[in-house]
Amino acid sequence: MNIKRLLKKIIPGRIWKKLRSSKFRKKAAGTAVVVAAVLVITVIGIGCRIYIRREAALEKERIAREQEENEQRKREALELAEREEKKEPQVIRKLSAEEKLLQTLLEEMPEESAKKAGIRTSSKDTELVISWFTAPYPSNSGSEYNAKKAAARLNGAVVPAGERFSYNKRIGERTKENGYVEAPVIMGGKMVQGLGGGICEISSMLYNLCLQSGFEVLERSPHSLLVPYVPGGLDAAVSWGTMDFCFENPYEAPVILLAGYDDEAKLFEVAAVADGGASLLQGRKYVPVSEKVGELHYETSLEIWQDTVQIGVKELGENYYAGVDEAE
């Protein structure tokens with residue numbers, strides 16, 4: 001039995017006739033078309049929504065991937081820059097003439113002096129320096145010669161812990177036999193010719209070095225005339241048998257005094273070095289101060305600083321001068 005006969009048997013005759021009519025067929029066909037269209041539109045809509053969601057998800061993934069790639073490129077660029085920076089030679093600050101001279105003094109430190117002070121000769125660097133002081137050459141050639149002679153004799157002097165140092169004793173009597181020549185010297189408020197003129201520049205520099213280094217100054221005298229190579233009141237006159245410059249090393253480590261000169265820069269320099277260097281100052285800084293209170297009258301003091309805080313002032317005294325040293 002085919003389907004057509006089966007349907008005819010099941011469906012009542014009146015309804016069967018209606019279904020067989022051309023009118024019904026046309027209506028059914030139209031309905032089918034509408035239903036089919038709705039179905040197609042629905043399927044298309046669902047497909048579009050699925051496509052849009054899929055594309056949105058893909059776009060989100062693409063954006064996230066691009067961000068991650070950008071971050072990775074940034075990290076790689078930063079790492080490359082850091083590597084290149086390490087490869088580049090370090091920019092070395094140009095040393096001043098004073099700093100170059102200090103380096104020379106350290107490099108040429110007498111080995112015997114370093115051995116006495118317990119300093120390894122392989123560690124001659126600025127970490128050993130307690131303090132240093134420079135001053136220009138005198139204009140008189142004889143004074144320059146004698147100052148160089150005094151600097152050479154001072155260089156390498158070792159001052160043991162707690163002991164006294166005498167400038168006169170170190171550089172010796174100013175005689176022709178000791179290599180000194182005649183040059184202007186200050187005597188009784190006047191300039192006269194005498195053996196060893198010019199050595200007071202080195203003693204005055206040493207005085208300032210001692211103040212800056214926290215040493216205990218035991219003996220010091222001003223000149224009768226105001227000298228040009230250090231501030232007023234911070235000079236130290238010496239004369240064999242009458243005036244000396246002396247100080248004491250207050251530290252537990254031996255101190256080496258270095259002295260030298262630079263003919264090109266026309267500079268003299270003195271330095272105090274020790275095992276431990278500036279750490280011996282324990283963060284303190286000693287600043288000599290010269291204050292002019294009259295035409296030829298100066299008051300001097302020593303400011304004491306702990307890091308950036310002034311913790312004390314030591315009065316050094318008053319200094320009166322009869323005139324100005326014109327020979328230098």
# chains A, B, ... in the order shown; residues from 1 in each chain; ligands from 1
call {"tool": "select_by_dssp", "arguments": {"residues": "segment 84-303 of chain A", "states": "alpha helix (DSSP H)", "output": "number ranges by chain"}}
result
A: 84-87, 97-107, 111-116, 141-154, 167-171, 199-213
call {"tool": "residues_around", "arguments": {"residues": "segment 172-175 of chain A", "least_positions_apart": "2", "cutoff": "12 Å", "atoms": "only C-alpha atoms", "output": "PyMOL selection string"}}
result
chain A and resi 146-147+149-154+166-170+177-183+185+194-200+238-242+244
call {"tool": "closest_residue", "arguments": {"among": "A:Ser96, A:Ser113, A:Asn70, A:Ser131", "to": "Ala271 of chain A", "atoms": "only C-alpha atoms"}}
result
A:Ser131
call {"tool": "residues_around", "arguments": {"residues": "Leu106 of chain A", "least_positions_apart": "2", "cutoff": "9 Å", "atoms": "only C-alpha atoms", "output": "PyMOL selection string"}}
result
chain A and resi 101-104+108-110+124-126+128-129+258+273
call {"tool": "atom_distance", "arguments": {"atom1": "atom CA of Leu226 of chain A", "atom2": "atom CA of Tyr320 of chain A"}}
result
8.7 Å
call {"tool": "decode", "arguments": {"residues": "segment 70-85 of chain A", "atoms": "all heavy atoms", "output": "mmCIF file, in the first residue's frame"}}
result
data_model
loop_
_atom_site.group_PDB
_atom_site.id
_atom_site.type_symbol
_atom_site.label_atom_id
_atom_site.label_comp_id
_atom_site.auth_asym_id
_atom_site.auth_seq_id
_atom_site.Cartn_x
_atom_site.Cartn_y
_atom_site.Cartn_z
ATOM 1 N N ASN A 70 53.848 43.904 21.409
ATOM 2 C CA ASN A 70 54.399 45.241 21.634
ATOM 3 C C ASN A 70 55.181 45.309 22.942
ATOM 4 O O ASN A 70 56.263 45.896 23.011
ATOM 5 C CB ASN A 70 53.277 46.285 21.651
ATOM 6 C CG ASN A 70 52.699 46.547 20.274
ATOM 7 O OD1 ASN A 70 53.354 46.299 19.257
ATOM 8 N ND2 ASN A 70 51.464 47.021 20.230
ATOM 9 N N GLU A 71 54.601 44.709 24.000
ATOM 10 C CA GLU A 71 55.285 44.681 25.286
ATOM 11 C C GLU A 71 56.600 43.918 25.183
ATOM 12 O O GLU A 71 57.621 44.313 25.757
ATOM 13 C CB GLU A 71 54.382 44.043 26.353
ATOM 14 C CG GLU A 71 53.179 44.891 26.741
ATOM 15 C CD GLU A 71 53.575 46.212 27.363
ATOM 16 O OE1 GLU A 71 54.596 46.236 28.099
ATOM 17 O OE2 GLU A 71 52.902 47.219 27.100
ATOM 18 N N GLN A 72 56.568 42.812 24.437
ATOM 19 C CA GLN A 72 57.771 42.007 24.254
ATOM 20 C C GLN A 72 58.847 42.796 23.509
ATOM 21 O O GLN A 72 60.034 42.769 23.867
ATOM 22 C CB GLN A 72 57.435 40.720 23.482
ATOM 23 C CG GLN A 72 58.621 39.795 23.243
ATOM 24 C CD GLN A 72 59.220 39.253 24.527
ATOM 25 O OE1 GLN A 72 58.538 39.163 25.540
ATOM 26 N NE2 GLN A 72 60.500 38.912 24.492
ATOM 27 N N ARG A 73 58.424 43.547 22.464
ATOM 28 C CA ARG A 73 59.371 44.363 21.708
ATOM 29 C C ARG A 73 59.980 45.452 22.599
ATOM 30 O O ARG A 73 61.174 45.760 22.511
ATOM 31 C CB ARG A 73 58.689 44.988 20.490
ATOM 32 C CG ARG A 73 58.520 44.024 19.315
ATOM 33 C CD ARG A 73 58.165 44.767 18.047
ATOM 34 N NE ARG A 73 56.825 45.319 18.105
ATOM 35 C CZ ARG A 73 55.734 44.676 17.704
ATOM 36 N NH1 ARG A 73 55.824 43.448 17.215
ATOM 37 N NH2 ARG A 73 54.551 45.245 17.775
ATOM 38 N N LYS A 74 59.135 46.068 23.455
ATOM 39 C CA LYS A 74 59.632 47.090 24.373
ATOM 40 C C LYS A 74 60.671 46.519 25.330
ATOM 41 O O LYS A 74 61.701 47.133 25.602
ATOM 42 C CB LYS A 74 58.473 47.702 25.163
ATOM 43 C CG LYS A 74 57.582 48.616 24.343
ATOM 44 C CD LYS A 74 56.457 49.166 25.201
ATOM 45 C CE LYS A 74 55.513 50.043 24.388
ATOM 46 N NZ LYS A 74 54.385 50.545 25.211
ATOM 47 N N ARG A 75 60.360 45.327 25.880
ATOM 48 C CA ARG A 75 61.298 44.689 26.806
ATOM 49 C C ARG A 75 62.615 44.381 26.110
ATOM 50 O O ARG A 75 63.700 44.596 26.671
ATOM 51 C CB ARG A 75 60.677 43.407 27.387
ATOM 52 C CG ARG A 75 59.587 43.656 28.418
ATOM 53 C CD ARG A 75 59.266 42.380 29.182
ATOM 54 N NE ARG A 75 58.702 41.357 28.324
ATOM 55 C CZ ARG A 75 57.417 41.194 28.096
ATOM 56 N NH1 ARG A 75 56.538 42.009 28.677
ATOM 57 N NH2 ARG A 75 56.973 40.229 27.313
ATOM 58 N N GLU A 76 62.526 43.857 24.893
ATOM 59 C CA GLU A 76 63.734 43.525 24.145
ATOM 60 C C GLU A 76 64.546 44.768 23.828
ATOM 61 O O GLU A 76 65.779 44.762 23.910
ATOM 62 C CB GLU A 76 63.355 42.790 22.853
ATOM 63 C CG GLU A 76 62.807 41.388 23.100
ATOM 64 C CD GLU A 76 62.313 40.726 21.832
ATOM 65 O OE1 GLU A 76 62.314 41.414 20.771
ATOM 66 O OE2 GLU A 76 61.947 39.539 21.876
ATOM 67 N N ALA A 77 63.840 45.872 23.463
ATOM 68 C CA ALA A 77 64.539 47.130 23.157
ATOM 69 C C ALA A 77 65.231 47.672 24.396
ATOM 70 O O ALA A 77 66.367 48.172 24.324
ATOM 71 C CB ALA A 77 63.550 48.157 22.615
ATOM 72 N N LEU A 78 64.565 47.578 25.557
ATOM 73 C CA LEU A 78 65.146 48.047 26.803
ATOM 74 C C LEU A 78 66.371 47.221 27.184
ATOM 75 O O LEU A 78 67.404 47.763 27.587
ATOM 76 C CB LEU A 78 64.104 47.991 27.921
ATOM 77 C CG LEU A 78 64.527 48.518 29.292
ATOM 78 C CD1 LEU A 78 64.919 49.989 29.197
ATOM 79 C CD2 LEU A 78 63.404 48.342 30.304
ATOM 80 N N GLU A 79 66.264 45.908 27.048
ATOM 81 C CA GLU A 79 67.388 45.029 27.352
ATOM 82 C C GLU A 79 68.567 45.316 26.433
ATOM 83 O O GLU A 79 69.723 45.325 26.855
ATOM 84 C CB GLU A 79 66.952 43.564 27.224
ATOM 85 C CG GLU A 79 65.983 43.119 28.326
ATOM 86 C CD GLU A 79 65.451 41.721 28.083
ATOM 87 O OE1 GLU A 79 65.846 41.113 27.062
ATOM 88 O OE2 GLU A 79 64.639 41.240 28.901
ATOM 89 N N LEU A 80 68.260 45.561 25.136
ATOM 90 C CA LEU A 80 69.318 45.862 24.177
ATOM 91 C C LEU A 80 70.005 47.172 24.531
ATOM 92 O O LEU A 80 71.237 47.277 24.474
ATOM 93 C CB LEU A 80 68.717 45.947 22.767
ATOM 94 C CG LEU A 80 69.697 46.280 21.636
ATOM 95 C CD1 LEU A 80 70.777 45.227 21.534
ATOM 96 C CD2 LEU A 80 68.960 46.416 20.306
ATOM 97 N N ALA A 81 69.192 48.188 24.918
ATOM 98 C CA ALA A 81 69.761 49.486 25.297
ATOM 99 C C ALA A 81 70.664 49.348 26.519
ATOM 100 O O ALA A 81 71.733 49.969 26.591
ATOM 101 C CB ALA A 81 68.638 50.482 25.573
ATOM 102 N N GLU A 82 70.230 48.538 27.490
ATOM 103 C CA GLU A 82 71.039 48.334 28.691
ATOM 104 C C GLU A 82 72.352 47.638 28.356
ATOM 105 O O GLU A 82 73.404 47.995 28.890
ATOM 106 C CB GLU A 82 70.255 47.513 29.713
ATOM 107 C CG GLU A 82 69.093 48.283 30.345
ATOM 108 C CD GLU A 82 68.281 47.419 31.284
ATOM 109 O OE1 GLU A 82 68.517 46.187 31.311
ATOM 110 O OE2 GLU A 82 67.413 47.967 31.995
ATOM 111 N N ARG A 83 72.283 46.661 27.442
ATOM 112 C CA ARG A 83 73.508 45.961 27.038
ATOM 113 C C ARG A 83 74.454 46.903 26.310
ATOM 114 O O ARG A 83 75.671 46.881 26.533
ATOM 115 C CB ARG A 83 73.165 44.760 26.153
ATOM 116 C CG ARG A 83 72.543 43.583 26.895
ATOM 117 C CD ARG A 83 72.601 42.310 26.065
ATOM 118 N NE ARG A 83 71.830 42.427 24.844
ATOM 119 C CZ ARG A 83 70.540 42.114 24.739
ATOM 120 N NH1 ARG A 83 69.893 41.663 25.807
ATOM 121 N NH2 ARG A 83 69.908 42.225 23.587
ATOM 122 N N GLU A 84 73.889 47.741 25.431
ATOM 123 C CA GLU A 84 74.708 48.682 24.686
ATOM 124 C C GLU A 84 75.338 49.705 25.610
ATOM 125 O O GLU A 84 76.481 50.125 25.418
ATOM 126 C CB GLU A 84 73.853 49.391 23.621
ATOM 127 C CG GLU A 84 73.419 48.492 22.471
ATOM 128 C CD GLU A 84 74.602 47.909 21.722
ATOM 129 O OE1 GLU A 84 75.592 48.623 21.529
ATOM 130 O OE2 GLU A 84 74.543 46.719 21.349
ATOM 131 N N GLU A 85 74.566 50.113 26.635
ATOM 132 C CA GLU A 85 75.079 51.096 27.591
ATOM 133 C C GLU A 85 76.261 50.532 28.353
ATOM 134 O O GLU A 85 77.236 51.229 28.625
ATOM 135 C CB GLU A 85 73.974 51.511 28.566
ATOM 136 C CG GLU A 85 74.392 52.626 29.501
ATOM 137 C CD GLU A 85 73.277 53.047 30.423
ATOM 138 O OE1 GLU A 85 72.135 52.564 30.259
ATOM 139 O OE2 GLU A 85 73.542 53.858 31.324
#
